[in-house]
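K.L.:
Handing you this structure, nothing more for now.
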Amino acid sequence: MLRIDGRDLEADDDKTLLEAAKDAGIIIPTLCHHPALTPIGACRLCSVEIERNSRIKVVTSCNYPVEAGLVVKTSSPEIFSLRSMILELLLARSPGEARIAALAKEYGVSTPRFKLADESCILCGLCTRVCQELVGVSAMSPILRGVERAVDAAYRDFSEDCMACGACALVCPTAAIREMEHIYPLTPEETEEIESRLLSGEIDEDMGVCADVFGCRGHGEGQDGGAVTTILASAIEMGSIDAAVVVMPGDDYRAYAAIVDDHDGVMASAGTKYVRVPLIPKLLLALGSGKRRIAVVGTPCQIRSVRRLQAGGYLGGTFPDAEIVLVGLFCFESFDPARLKRHIRDAFSIDLDEAERVQIAKGRFSIFIGDEVRSCKVSDLDGDISEGCLFCADFVSRLADISVGSVGSPEGYSTVIVRSDRGRRLLEGMDCSRERVDEGEIRKLSAIKRRRAEKRFKEIIDGLEG
């Protein structure tokens, strides 16, 4: 039993004062709290006055546990004055933020007496906590100390971990995340805007914008018809692109990004790797070296990252003459190389490094070594999925200019979805055989992945609405 604002209340010992007050219908303001994340008391707005054993002190209610016999005041004159001062400082720091201005008005603050540097970020820590605790990626973190303290990607460089899922943008109470340059959060609204502005064709809920869909089998090397290698080799040969950013196989079943500008380089990148590789550094390196017409081949999260740099104005502002065409790959999930290698070694007593190729088809993960094929259900590898993949709702790389995957096509063919005029131009002159595609199979897997991500995001969204 404890007393909050003159009311005797029963509350579980594992709850905080903020939760106990909310259960009783008592509203305490917060800016840094989310029920699915570890409370840290950063904004101090939830401060309350407690009395225990005739001693009075102020604590942050979001992380102070319920205790029997506590007397709590959530809106005493002292607490009102404290919150007013906090909000006045926040308003001085972030005068253009509507949420802070609205809270400040509730506490009688309209014009702050102080002059501070105008910054949107209030250091609430919500973005870093949701990225670390729920998404599991840790694409950003607090950096520096004192008055220089900030939130950014490591070394204030372009993030190699951000997968553009947008979770940080959902929880951010200000516009700070959308203004950050080194990470790539995309909201559903921004995704729709990019589709409307850059892509052309019929819109499909599961497949995205589609101008043309067909099965393709190239006349060169590659996996599932070799469509990507055929597209890139043809484009380089015809001079429609200067180079391509691709993923190369590496040691220890790892992979790395590379810049290729000839037929041999393209052929060396053939085959699917099923691991996540950062492409942004290589793209910027290619642009910095003078390449301007560049194809980028990547999975949905990588394609979203490039689109976010375009939408945020960085690529257009720094390299205004760049012509980047995005070739997106179908991807249900990628795997952590070390965990996957251990799993395959324990299950089959083989080393993945010895595999000539691996393939995911019809729900099975297959390993090809010589004449031998070992396989298992993809679902058996759930424990090996890369962090963050469960928050990705995009199976078909819907923001790419061209999307390519094996699902929906006859064996030996790749499904190709053309989404833009730039993508259509990339295909000009390409020599390949065409077949019809089972779009229903694509839609089925796309819907499954979207629903899986929606379940993950539900915890975040419910906490915001609560």
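Identifiers in this document derive from the order of the structure tokens: chains are assigned A, B, ..., residues are numbered from 1 separately in each chain, and ligands are numbered from 1 in order of occurrence.
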Going by DSSP on the backbone, which bits of range 76-198 of chain A are helix (DSSP H, G or I)? Write them as an mmCIF file with C-alpha atoms, in the first residue's frame, please.

P.N.:
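Okay, part-v1.cif is ready:
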data_model
loop_
_atom_site.group_PDB
_atom_site.id
_atom_site.type_symbol
_atom_site.label_atom_id
_atom_site.label_comp_id
_atom_site.auth_asym_id
_atom_site.auth_seq_id
_atom_site.Cartn_x
_atom_site.Cartn_y
_atom_site.Cartn_z
ATOM 1 C CA PRO A 77 4.058 23.402 -6.142
ATOM 2 C CA GLU A 78 7.701 22.315 -5.863
ATOM 3 C CA ILE A 79 7.285 19.654 -8.555
ATOM 4 C CA PHE A 80 5.336 22.048 -10.784
ATOM 5 C CA SER A 81 8.159 24.570 -10.465
ATOM 6 C CA LEU A 82 10.798 21.928 -11.215
ATOM 7 C CA ARG A 83 9.014 20.746 -14.357
ATOM 8 C CA SER A 84 8.521 24.345 -15.483
ATOM 9 C CA MET A 85 12.252 24.947 -15.231
ATOM 10 C CA ILE A 86 13.068 21.716 -17.118
ATOM 11 C CA LEU A 87 10.648 22.617 -19.888
ATOM 12 C CA GLU A 88 11.959 26.169 -20.084
ATOM 13 C CA LEU A 89 15.461 24.793 -20.641
ATOM 14 C CA LEU A 90 14.199 22.286 -23.210
ATOM 15 C CA LEU A 91 12.259 25.007 -25.014
ATOM 16 C CA ALA A 92 15.381 27.180 -25.090
ATOM 17 C CA ARG A 93 17.324 24.256 -26.574
ATOM 18 C CA ALA A 98 5.905 21.223 -31.167
ATOM 19 C CA ARG A 99 5.722 18.565 -28.450
ATOM 20 C CA ILE A 100 8.065 20.481 -26.148
ATOM 21 C CA ALA A 101 6.258 23.758 -26.837
ATOM 22 C CA ALA A 102 2.901 22.153 -25.969
ATOM 23 C CA LEU A 103 4.204 20.716 -22.693
ATOM 24 C CA ALA A 104 5.873 24.016 -21.819
ATOM 25 C CA LYS A 105 2.590 25.850 -22.362
ATOM 26 C CA GLU A 106 0.850 23.502 -19.921
ATOM 27 C CA LEU A 126 14.945 6.620 -26.785
ATOM 28 C CA CYS A 127 16.543 6.083 -30.200
ATOM 29 C CA THR A 128 19.657 4.363 -28.864
ATOM 30 C CA ARG A 129 17.655 2.167 -26.497
ATOM 31 C CA VAL A 130 15.111 0.986 -29.076
ATOM 32 C CA CYS A 131 17.926 0.241 -31.527
ATOM 33 C CA GLN A 132 19.921 -1.697 -28.943
ATOM 34 C CA GLU A 133 17.244 -3.346 -26.803
ATOM 35 C CA LEU A 134 14.510 -4.203 -29.315
ATOM 36 C CA VAL A 135 15.996 -4.107 -32.808
ATOM 37 C CA GLY A 146 29.272 17.364 -20.933
ATOM 38 C CA VAL A 147 27.880 20.142 -23.112
ATOM 39 C CA GLU A 148 29.219 18.350 -26.204
ATOM 40 C CA ALA A 154 30.163 5.448 -34.307
ATOM 41 C CA TYR A 155 32.948 7.989 -34.982
ATOM 42 C CA ARG A 156 30.332 10.279 -36.532
ATOM 43 C CA ALA A 167 12.136 2.239 -35.177
ATOM 44 C CA CYS A 168 14.218 5.158 -33.870
ATOM 45 C CA ALA A 169 12.119 7.648 -35.840
ATOM 46 C CA LEU A 170 8.970 6.201 -34.273
ATOM 47 C CA VAL A 171 10.085 6.784 -30.687
ATOM 48 C CA ALA A 176 16.210 14.997 -34.369
ATOM 49 C CA ILE A 177 16.410 11.514 -35.881
ATOM 50 C CA ARG A 178 15.072 12.661 -39.226
ATOM 51 C CA GLU A 179 17.786 15.321 -39.316
ATOM 52 C CA PRO A 188 6.236 4.410 -43.792
ATOM 53 C CA GLU A 189 5.271 7.927 -44.889
ATOM 54 C CA GLU A 190 8.748 8.588 -46.288
ATOM 55 C CA THR A 191 8.712 5.208 -48.051
ATOM 56 C CA GLU A 192 5.439 6.088 -49.771
ATOM 57 C CA GLU A 193 6.839 9.494 -50.766
ATOM 58 C CA ILE A 194 9.916 7.873 -52.336
ATOM 59 C CA GLU A 195 7.752 5.385 -54.223
ATOM 60 C CA SER A 196 5.563 8.192 -55.528
ATOM 61 C CA ARG A 197 8.449 10.471 -56.544
ATOM 62 C CA LEU A 198 11.066 8.070 -57.909
#

K.L.:
Set out as JSON lines a contact list for range 116-204 of chain A and range 44-65 of chain A with a cut-off of 12 Å, giving each residue of range 116-204 of chain A that qualifies its closest atom pair and distance in Å to one decimal, counting only C-alpha atoms, ordered by chain and rising residue number.

P.N.:
{"residue": "A:Ile122", "atom": "CA", "partner": "A:Arg44", "partner_atom": "CA", "distance": 11.6}
{"residue": "A:Leu123", "atom": "CA", "partner": "A:Arg44", "partner_atom": "CA", "distance": 11.5}
{"residue": "A:Cys124", "atom": "CA", "partner": "A:Arg44", "partner_atom": "CA", "distance": 9.6}

K.L.:
Identify, on the basis of only C-alpha atoms, every residue whose closest approach to Val277 in chain A does not exceed 12 Å; exclude the query and any residue fewer than 5 positions from it along the same chain; express the result as a VMD selection string.

P.N.:
chain A and resid 159 to 163 245 to 250 254 to 258 282 297 to 303 305 334 to 337 386

K.L.:
Write a file of the just-selected residues containing C-alpha atoms, as a compact mmCIF listing (two decimals), in the first residue's frame.

P.N.:
# COMPACT_ATOMS: atom_id res chain seq x y z
CA SER A 159 26.66 3.79 -40.06
CA GLU A 160 27.61 0.31 -41.19
CA ASP A 161 24.91 -1.24 -39.00
CA CYS A 162 21.74 0.83 -39.53
CA MET A 163 19.15 -1.14 -41.52
CA VAL A 245 28.86 -1.78 -55.91
CA VAL A 246 28.42 -5.50 -55.28
CA VAL A 247 29.00 -8.09 -52.57
CA MET A 248 31.91 -10.52 -52.92
CA PRO A 249 32.32 -13.84 -51.09
CA GLY A 250 34.96 -13.76 -48.38
CA ARG A 254 31.65 -13.81 -44.71
CA ALA A 255 31.27 -11.31 -47.51
CA TYR A 256 32.47 -7.82 -48.29
CA ALA A 257 31.41 -4.94 -50.52
CA ALA A 258 33.45 -4.16 -53.61
CA LYS A 282 31.88 1.60 -50.87
CA VAL A 297 23.19 -4.25 -55.69
CA GLY A 298 21.78 -4.91 -52.24
CA THR A 299 19.14 -6.39 -49.99
CA PRO A 300 16.08 -4.37 -48.90
CA CYS A 301 17.80 -2.80 -45.87
CA GLN A 302 20.77 -1.74 -47.98
CA ILE A 303 18.51 -0.29 -50.68
CA SER A 305 19.79 3.08 -46.65
CA SER A 334 20.11 -12.78 -43.53
CA PHE A 335 22.26 -14.81 -41.17
CA ASP A 336 25.00 -14.13 -38.68
CA PRO A 337 28.03 -15.85 -40.27
CA SER A 386 21.00 -11.49 -38.05

K.L.:
Using only C-alpha atoms, which residues sit within 12 Å of Gly25 in chain A once same-chain residues fewer than 3 positions away are excluded, as a PyMOL selection string?

P.N.:
chain A and resi 4-5+7+9+18-22+28+466

K.L.:
Residues near Ser120 in chain A, anyone? I mean within 7 Å using only C-alpha atoms, not counting same-chain ones fewer than 6 positions away, as a list in words.

P.N.:
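Non-adjacent residues within range: Ser94, Thr174, Ala175 and Ala176 of chain A.
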
K.L.:
Do a neighbour search on Cys392 in chain A at 8 Å with only C-alpha atoms, toss out local chain neighbours closer than 4 positions, and write the hits as a PyMOL selection string.

P.N.:
chain A and resi 165+301+388+449-450+453

K.L.:
With distances taken over only C-alpha atoms, which residue among A:Val418, A:Cys331, A:Leu340, A:Ala361 lies nearest Ile402 in chain A?

P.N.:
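Distance minimum relative to Ile402 in chain A lands on A:Val418.
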
K.L.:
Taking the backbone alone, and naming residues the way the document does, which bits of range 412-445 of chain A are strand (DSSP E or B) by DSSP, as an mmCIF file with C-alpha atoms, in the first residue's frame?

P.N.:
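The result, stored in out37.cif:
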data_model
loop_
_atom_site.group_PDB
_atom_site.id
_atom_site.type_symbol
_atom_site.label_atom_id
_atom_site.label_comp_id
_atom_site.auth_asym_id
_atom_site.auth_seq_id
_atom_site.Cartn_x
_atom_site.Cartn_y
_atom_site.Cartn_z
ATOM 1 C CA SER A 414 15.225 -15.163 -61.752
ATOM 2 C CA THR A 415 12.197 -12.987 -61.153
ATOM 3 C CA VAL A 416 12.797 -9.402 -62.272
ATOM 4 C CA ILE A 417 10.528 -6.531 -61.188
ATOM 5 C CA VAL A 418 11.066 -3.250 -63.030
ATOM 6 C CA CYS A 432 18.113 -13.009 -71.692
ATOM 7 C CA SER A 433 15.318 -15.543 -72.042
ATOM 8 C CA ARG A 434 11.961 -14.612 -70.510
ATOM 9 C CA GLU A 435 9.236 -16.620 -68.773
#

K.L.:
Please identify all polymer residues within 9 Å of range 211-217 of chain A, counting only C-alpha atoms, omitting same-chain residues fewer than 4 positions from it, and present them as a PyMOL selection string.

P.N.:
chain A and resi 199-203+224-227+230+406+408-410+412-421+424+431-437+439
